[in-house]
Amino acid sequence: MSASDKKKLRKEQAAEFLSEKQRKEQAEAKKLRIYTISFITAMVLIVAITVGVLGFRAINQSGVIQKSTIALNIGDRQLNTVELSYYYKDAIDKFYNEWYEQYSSSADSYLAAMGLDTSKPLSEQVYDKETGKTWDMFFIDAAIDQAKSDFALYDLAMKDETFKLPEDQQTTLDNMFSNLSVYATLYGYSSTKQYLGAMYGWGADEESFKEYNTRSEIAKAYYAAHEESLKYDDAAIRAYEEDKKDNYNSYNYSYAYLSYNDFITGGTKSEDGKTTTYTDAEKDAARAAMKAAAEKLATATSLEDLKKMAKEAEVNDSSELAVNDYKNVKHTAIDGLLNKWLSDPERKQGDIAAIANTLTNKDEAGNETSTVNAYYVIYFDSKNDNTQPMGNVRHLLVQFEGGTKNEETGVTTYSDAEKNKAKVEAESYLKTYNDGEKTEKAFIELVKKHSDDSSKDEGGLFEDIHPHSNYVPNFLSWSTNPNRQAGDVEVIETEYGYHVMYYVGDDELTYRDYMISNELREADMEKWHNGLKDTITTSVADLSKMDLDMVING
């Protein structure tokens with residue numbers, strides 16, 4: 001190839017190379033434009049989504065959606081998500097608080113045993129395995145039932161021209177509403193609306209919260225007013241008790257409980273030593289020994305003799321028999337086996353008997369087998385038909401001052417000197433009373449001036465006191481003494497201090513008639529109340545905006 005040809009070829013190659021480079025540059029430029037357009041499009045889309053999410057969140061937190069979503073049709077009314085949420089959240093709080101008041105720190109464990117884990121969403125836990133109903137629906141049902149009650153009672157109250165919300169309940173409402181902002185600040189919220197939203201969900205505000213609580217308070221008051229209006233004469237009381245007279249008696253008795261486990265011996269331990277198994281022969285021998293011991297105890301001639309024999313009974317090394325005393329126990333609170341024996345009209349003081357606790361089982365063929373696993377050896381002391389009138393008393397309390405508090409138990413103990421100081425002061429008030437007019441009015445004046453008890457503004461008055469009233473023992477026994485006479489005064493000591501007691505007089509009702517009247521009233525109120533709720537129809541609309549997956553202790 002000549003030099004000129006080579007030069008020409010190099011030019012052509014260079015031209016080709018230039019064209020290829022240009023083509024690549026053009027392609028890269030095109031790709032860049034595509035990427036740029038795609039990036040811009042994606043960014044616009046992301047911005048749009050972000051704005052949409054933030055906008056939805058803002059709308060959601062404003063409560064607009066919740067307020068505009070009808071959750072429940074109730075009669076001719078409609079409750080939106082916010083309005084039903086008040087009932088729903090309060091139903092949960094009421095349920096949990098009742099368990100916590102009874103079992104304190106063990107409440108969660110007891111609830112877990114019945115299938116409610118307070119650390120998990122309600123909507124994920126089954127309440128009824130047969131129907132598949134979850135716990136959130138359990139509380140929705142409770143909320144709907146309460147709403148029916150409130151609206152039914154509220155409507156009646158509004159139609160009743162004689163009804164007026166009692167002053168103390170109006171004061172309770174006023175205080176609740178006026179302190180909302182204080183509570184909001186106390187719990188770290190910037191506004192009342194934010195505080196209510198945290199409690200009941202987005203959309204909760206002062207207006208709807210006040211409306212809900214006012215309706216609820218009026219409903220409670222009207223229910224109480226109707227209940228108070230129900231009165232029963234002697235004929236109605238006697239007719240009601242006719243076929244259940246024993247139910248209103250109380251009994252004083254003692255018994256020892258003997259289980260065959262107290263008598264079983266022998267057995268074979270597992271290799272790890274944690275469990276012991278017994279042969280049928282060993283179990284039968286234990287039951288025979290239990291029966292013999294029970295029959296022997298039943299030959300006791302007095303309560304003291306029974307207690308002595310129980311203490312000396314031959315039981316295995318892990319057991320000990322004791323006779324426990326029970327005072328003034330209501331008939332309806334006594335175990336069925338003992339109940340039947342105690343209520344026998346022929347029963348008399350000093351009677352002792354061994355009562356077998358028999359367990360009956362059926363096999364697949366329907367054949368029954370009975371096994372006695374325990375005995376009650378019971379002693380009858382006395383029956384109280386509760387025909388004693390209830391008592392009305394007034395008291396002036398002089399509290400103990402000072403004391404030493406045990407940090408572990410929380411119990412405060414007082415020295416003799418501290419107690420004596422309170423006693424001297426109480427006795428000085430008693431002397432002032434005895435040196436004066438010695439009238440109820442004079443006693444009331446002393447109480448209002450000197451008592452340390454919260455009842456001072458009512459003159460220290462406590463009414464309808466009966467043997468099962470919830471008062472400290474000395475206070476209760478003084479107030480229910482059958483020999484008490486109107487005008488009796490005395491200084492007594494309780495764990496709170498020294499009380500100057502004044503017996504106002506017997507109540508119009510006996511404790512027996514008080515119990516019967518309460519049962520009558522309860523039955524009539526249940527019938528009346530259920531009848532009211534039955535007149536209101538409900539249908540669930542849209543629960544999608546409800547906080548159904550809430551966690552009780554989240």
# chains A, B, ... in the order shown; residues from 1 in each chain; ligands from 1

call {"tool": "residues_around", "arguments": {"residues": "A:Gly459", "least_positions_apart": "4", "cutoff": "12 Å", "atoms": "only C-alpha atoms", "output": "JSON, numbers by chain"}}
result
{"A": [393, 394, 395, 396, 397, 440, 441, 442, 443, 444, 445, 446, 447, 448, 449, 450, 451, 452, 453, 454, 455, 463, 501, 502, 504]}

call {"tool": "residues_around", "arguments": {"residues": "A:Leu165", "least_positions_apart": "2", "cutoff": "9 Å", "atoms": "only C-alpha atoms", "output": "PyMOL selection string"}}
result
chain A and resi 163+167-170+217-218+221-222

call {"tool": "closest_atom_pairs", "arguments": {"of": "stretch 503-531 of chain A", "to": "stretch 473-493 of chain A", "cutoff": "12 Å", "atoms": "only C-alpha atoms", "output": "tab-separated table"}}
result
residue	atom	partner	partner_atom	distance
A:Tyr503	CA	A:Ala486	CA	5.2
A:Val504	CA	A:Ala486	CA	5.2
A:Gly505	CA	A:Ala486	CA	4.4
A:Asp506	CA	A:Ala486	CA	7.5
A:Asp507	CA	A:Ala486	CA	10.8
A:Thr510	CA	A:Thr480	CA	11.5
A:Tyr511	CA	A:Thr480	CA	10.5

call {"tool": "closest_atom_pairs", "arguments": {"of": "stretch 139-163 of chain A", "to": "stretch 125-134 of chain A", "cutoff": "12 Å", "atoms": "only C-alpha atoms", "output": "JSON lines"}}
result
{"residue": "A:Phe139", "atom": "CA", "partner": "A:Thr134", "partner_atom": "CA", "distance": 9.1}
{"residue": "A:Ile140", "atom": "CA", "partner": "A:Thr134", "partner_atom": "CA", "distance": 10.0}
{"residue": "A:Asp141", "atom": "CA", "partner": "A:Lys133", "partner_atom": "CA", "distance": 10.7}

call {"tool": "write_last_selection", "arguments": {"atoms": "C-alpha atoms", "output": "tab-separated table (two decimals), in the first residue's frame"}}
result
chain	number	residue	atom	x	y	z
A	139	PHE	CA	-65.99	-4.43	74.28
A	140	ILE	CA	-67.90	-3.06	71.28
A	141	ASP	CA	-70.95	-5.00	72.51

call {"tool": "closest_residue", "arguments": {"among": "A:Asn373, A:Thr332, A:Thr81, A:Asn518", "to": "A:Lys245", "atoms": "only C-alpha atoms"}}
result
A:Thr332

call {"tool": "atom_distance", "arguments": {"atom1": "atom CA of A:Glu522", "atom2": "atom CA of A:Ser250"}}
result
20.9 Å

call {"tool": "residues_around", "arguments": {"residues": "A:Asp513", "least_positions_apart": "3", "cutoff": "8 Å", "atoms": "only C-alpha atoms", "output": "PDB file with N, CA and C atoms, in the first residue's frame"}}
result
ATOM      1  N   ILE A 237     -93.102  -7.520 100.992  1.00  0.00           N
ATOM      2  CA  ILE A 237     -91.879  -8.129 101.524  1.00  0.00           C
ATOM      3  C   ILE A 237     -92.136  -9.565 101.970  1.00  0.00           C
ATOM      4  N   THR A 387     -83.850 -10.183 112.314  1.00  0.00           N
ATOM      5  CA  THR A 387     -85.030  -9.329 112.499  1.00  0.00           C
ATOM      6  C   THR A 387     -84.741  -8.132 113.408  1.00  0.00           C
ATOM      7  N   LEU A 509     -86.399  -0.080 109.263  1.00  0.00           N
ATOM      8  CA  LEU A 509     -86.320  -1.419 108.686  1.00  0.00           C
ATOM      9  C   LEU A 509     -85.444  -2.344 109.524  1.00  0.00           C
ATOM     10  N   THR A 510     -85.844  -3.600 109.601  1.00  0.00           N
ATOM     11  CA  THR A 510     -84.950  -4.616 110.137  1.00  0.00           C
ATOM     12  C   THR A 510     -83.939  -4.957 109.044  1.00  0.00           C
ATOM     13  N   ILE A 516     -84.411  -8.097 101.885  1.00  0.00           N
ATOM     14  CA  ILE A 516     -85.507  -8.490 100.982  1.00  0.00           C
ATOM     15  C   ILE A 516     -85.901  -7.340 100.067  1.00  0.00           C
ATOM     16  N   SER A 517     -86.018  -6.144 100.638  1.00  0.00           N
ATOM     17  CA  SER A 517     -86.369  -4.960  99.834  1.00  0.00           C
ATOM     18  C   SER A 517     -85.342  -4.718  98.745  1.00  0.00           C
TER      19      SER A 517
END

call {"tool": "closest_residue", "arguments": {"among": "A:Ile144, A:Ala184, A:Val64, A:Leu430", "to": "A:Ser539", "atoms": "only C-alpha atoms"}}
result
A:Ile144

call {"tool": "residues_around", "arguments": {"residues": "A:Ala289", "least_positions_apart": "3", "cutoff": "12 Å", "atoms": "only C-alpha atoms", "output": "PyMOL selection string"}}
result
chain A and resi 258-265+282-286+292-296+313-316+372-375

call {"tool": "write_last_selection", "arguments": {"atoms": "N, CA and C atoms", "output": "PDB file, in the first residue's frame"}}
result
ATOM      1  N   LEU A 258     -61.482 -32.247 106.514  1.00  0.00           N
ATOM      2  CA  LEU A 258     -60.580 -33.392 106.413  1.00  0.00           C
ATOM      3  C   LEU A 258     -60.527 -33.867 104.968  1.00  0.00           C
ATOM      4  N   SER A 259     -59.339 -33.842 104.383  1.00  0.00           N
ATOM      5  CA  SER A 259     -59.141 -34.341 103.024  1.00  0.00           C
ATOM      6  C   SER A 259     -58.374 -35.652 103.075  1.00  0.00           C
ATOM      7  N   TYR A 260     -58.629 -36.542 102.101  1.00  0.00           N
ATOM      8  CA  TYR A 260     -57.905 -37.818 102.116  1.00  0.00           C
ATOM      9  C   TYR A 260     -56.414 -37.581 101.908  1.00  0.00           C
ATOM     10  N   ASN A 261     -56.042 -36.433 101.359  1.00  0.00           N
ATOM     11  CA  ASN A 261     -54.621 -36.083 101.216  1.00  0.00           C
ATOM     12  C   ASN A 261     -53.943 -35.904 102.574  1.00  0.00           C
ATOM     13  N   ASP A 262     -54.759 -35.601 103.612  1.00  0.00           N
ATOM     14  CA  ASP A 262     -54.197 -35.439 104.958  1.00  0.00           C
ATOM     15  C   ASP A 262     -53.794 -36.787 105.564  1.00  0.00           C
ATOM     16  N   PHE A 263     -54.280 -37.875 104.976  1.00  0.00           N
ATOM     17  CA  PHE A 263     -54.085 -39.192 105.579  1.00  0.00           C
ATOM     18  C   PHE A 263     -53.275 -40.142 104.692  1.00  0.00           C
ATOM     19  N   ILE A 264     -52.988 -39.734 103.470  1.00  0.00           N
ATOM     20  CA  ILE A 264     -52.306 -40.659 102.564  1.00  0.00           C
ATOM     21  C   ILE A 264     -50.829 -40.774 102.924  1.00  0.00           C
ATOM     22  N   THR A 265     -50.319 -41.986 102.866  1.00  0.00           N
ATOM     23  CA  THR A 265     -48.911 -42.255 103.167  1.00  0.00           C
ATOM     24  C   THR A 265     -48.358 -43.229 102.142  1.00  0.00           C
ATOM     25  N   GLU A 282     -53.233 -47.645  98.404  1.00  0.00           N
ATOM     26  CA  GLU A 282     -52.802 -46.581  99.317  1.00  0.00           C
ATOM     27  C   GLU A 282     -53.871 -45.489  99.411  1.00  0.00           C
ATOM     28  N   LYS A 283     -54.510 -45.190  98.266  1.00  0.00           N
ATOM     29  CA  LYS A 283     -55.568 -44.182  98.255  1.00  0.00           C
ATOM     30  C   LYS A 283     -56.783 -44.655  99.046  1.00  0.00           C
ATOM     31  N   ASP A 284     -57.134 -45.921  98.871  1.00  0.00           N
ATOM     32  CA  ASP A 284     -58.278 -46.475  99.610  1.00  0.00           C
ATOM     33  C   ASP A 284     -58.014 -46.471 101.108  1.00  0.00           C
ATOM     34  N   ALA A 285     -56.779 -46.787 101.486  1.00  0.00           N
ATOM     35  CA  ALA A 285     -56.416 -46.784 102.907  1.00  0.00           C
ATOM     36  C   ALA A 285     -56.526 -45.380 103.491  1.00  0.00           C
ATOM     37  N   ALA A 286     -56.141 -44.373 102.691  1.00  0.00           N
ATOM     38  CA  ALA A 286     -56.219 -42.979 103.141  1.00  0.00           C
ATOM     39  C   ALA A 286     -57.677 -42.566 103.342  1.00  0.00           C
ATOM     40  N   ALA A 292     -62.659 -42.697 109.308  1.00  0.00           N
ATOM     41  CA  ALA A 292     -62.588 -43.057 110.725  1.00  0.00           C
ATOM     42  C   ALA A 292     -62.313 -41.824 111.585  1.00  0.00           C
ATOM     43  N   ALA A 293     -61.427 -40.960 111.118  1.00  0.00           N
ATOM     44  CA  ALA A 293     -61.106 -39.745 111.869  1.00  0.00           C
ATOM     45  C   ALA A 293     -62.304 -38.817 111.939  1.00  0.00           C
ATOM     46  N   ALA A 294     -63.029 -38.672 110.830  1.00  0.00           N
ATOM     47  CA  ALA A 294     -64.201 -37.792 110.799  1.00  0.00           C
ATOM     48  C   ALA A 294     -65.282 -38.298 111.746  1.00  0.00           C
ATOM     49  N   GLU A 295     -65.519 -39.593 111.724  1.00  0.00           N
ATOM     50  CA  GLU A 295     -66.540 -40.165 112.597  1.00  0.00           C
ATOM     51  C   GLU A 295     -66.165 -40.020 114.066  1.00  0.00           C
ATOM     52  N   LYS A 296     -64.861 -40.115 114.352  1.00  0.00           N
ATOM     53  CA  LYS A 296     -64.401 -39.936 115.736  1.00  0.00           C
ATOM     54  C   LYS A 296     -64.605 -38.500 116.187  1.00  0.00           C
ATOM     55  N   ALA A 313     -55.636 -35.390 116.239  1.00  0.00           N
ATOM     56  CA  ALA A 313     -55.893 -36.381 115.187  1.00  0.00           C
ATOM     57  C   ALA A 313     -54.598 -36.817 114.509  1.00  0.00           C
ATOM     58  N   GLU A 314     -54.540 -38.108 114.144  1.00  0.00           N
ATOM     59  CA  GLU A 314     -53.341 -38.650 113.494  1.00  0.00           C
ATOM     60  C   GLU A 314     -53.437 -38.425 111.987  1.00  0.00           C
ATOM     61  N   VAL A 315     -52.634 -37.496 111.504  1.00  0.00           N
ATOM     62  CA  VAL A 315     -52.575 -37.195 110.069  1.00  0.00           C
ATOM     63  C   VAL A 315     -51.131 -37.355 109.608  1.00  0.00           C
ATOM     64  N   ASN A 316     -50.913 -37.293 108.287  1.00  0.00           N
ATOM     65  CA  ASN A 316     -49.536 -37.457 107.803  1.00  0.00           C
ATOM     66  C   ASN A 316     -48.684 -36.231 108.136  1.00  0.00           C
ATOM     67  N   VAL A 372     -65.624 -40.481  97.976  1.00  0.00           N
ATOM     68  CA  VAL A 372     -65.580 -39.493  99.047  1.00  0.00           C
ATOM     69  C   VAL A 372     -64.128 -39.051  99.231  1.00  0.00           C
ATOM     70  N   ASN A 373     -63.859 -37.799  98.896  1.00  0.00           N
ATOM     71  CA  ASN A 373     -62.499 -37.283  98.995  1.00  0.00           C
ATOM     72  C   ASN A 373     -62.289 -36.378 100.210  1.00  0.00           C
ATOM     73  N   ALA A 374     -63.393 -36.017 100.904  1.00  0.00           N
ATOM     74  CA  ALA A 374     -63.248 -35.116 102.046  1.00  0.00           C
ATOM     75  C   ALA A 374     -64.466 -35.207 102.956  1.00  0.00           C
ATOM     76  N   TYR A 375     -64.288 -34.726 104.184  1.00  0.00           N
ATOM     77  CA  TYR A 375     -65.374 -34.635 105.161  1.00  0.00           C
ATOM     78  C   TYR A 375     -65.336 -33.262 105.820  1.00  0.00           C
TER      79      TYR A 375
END
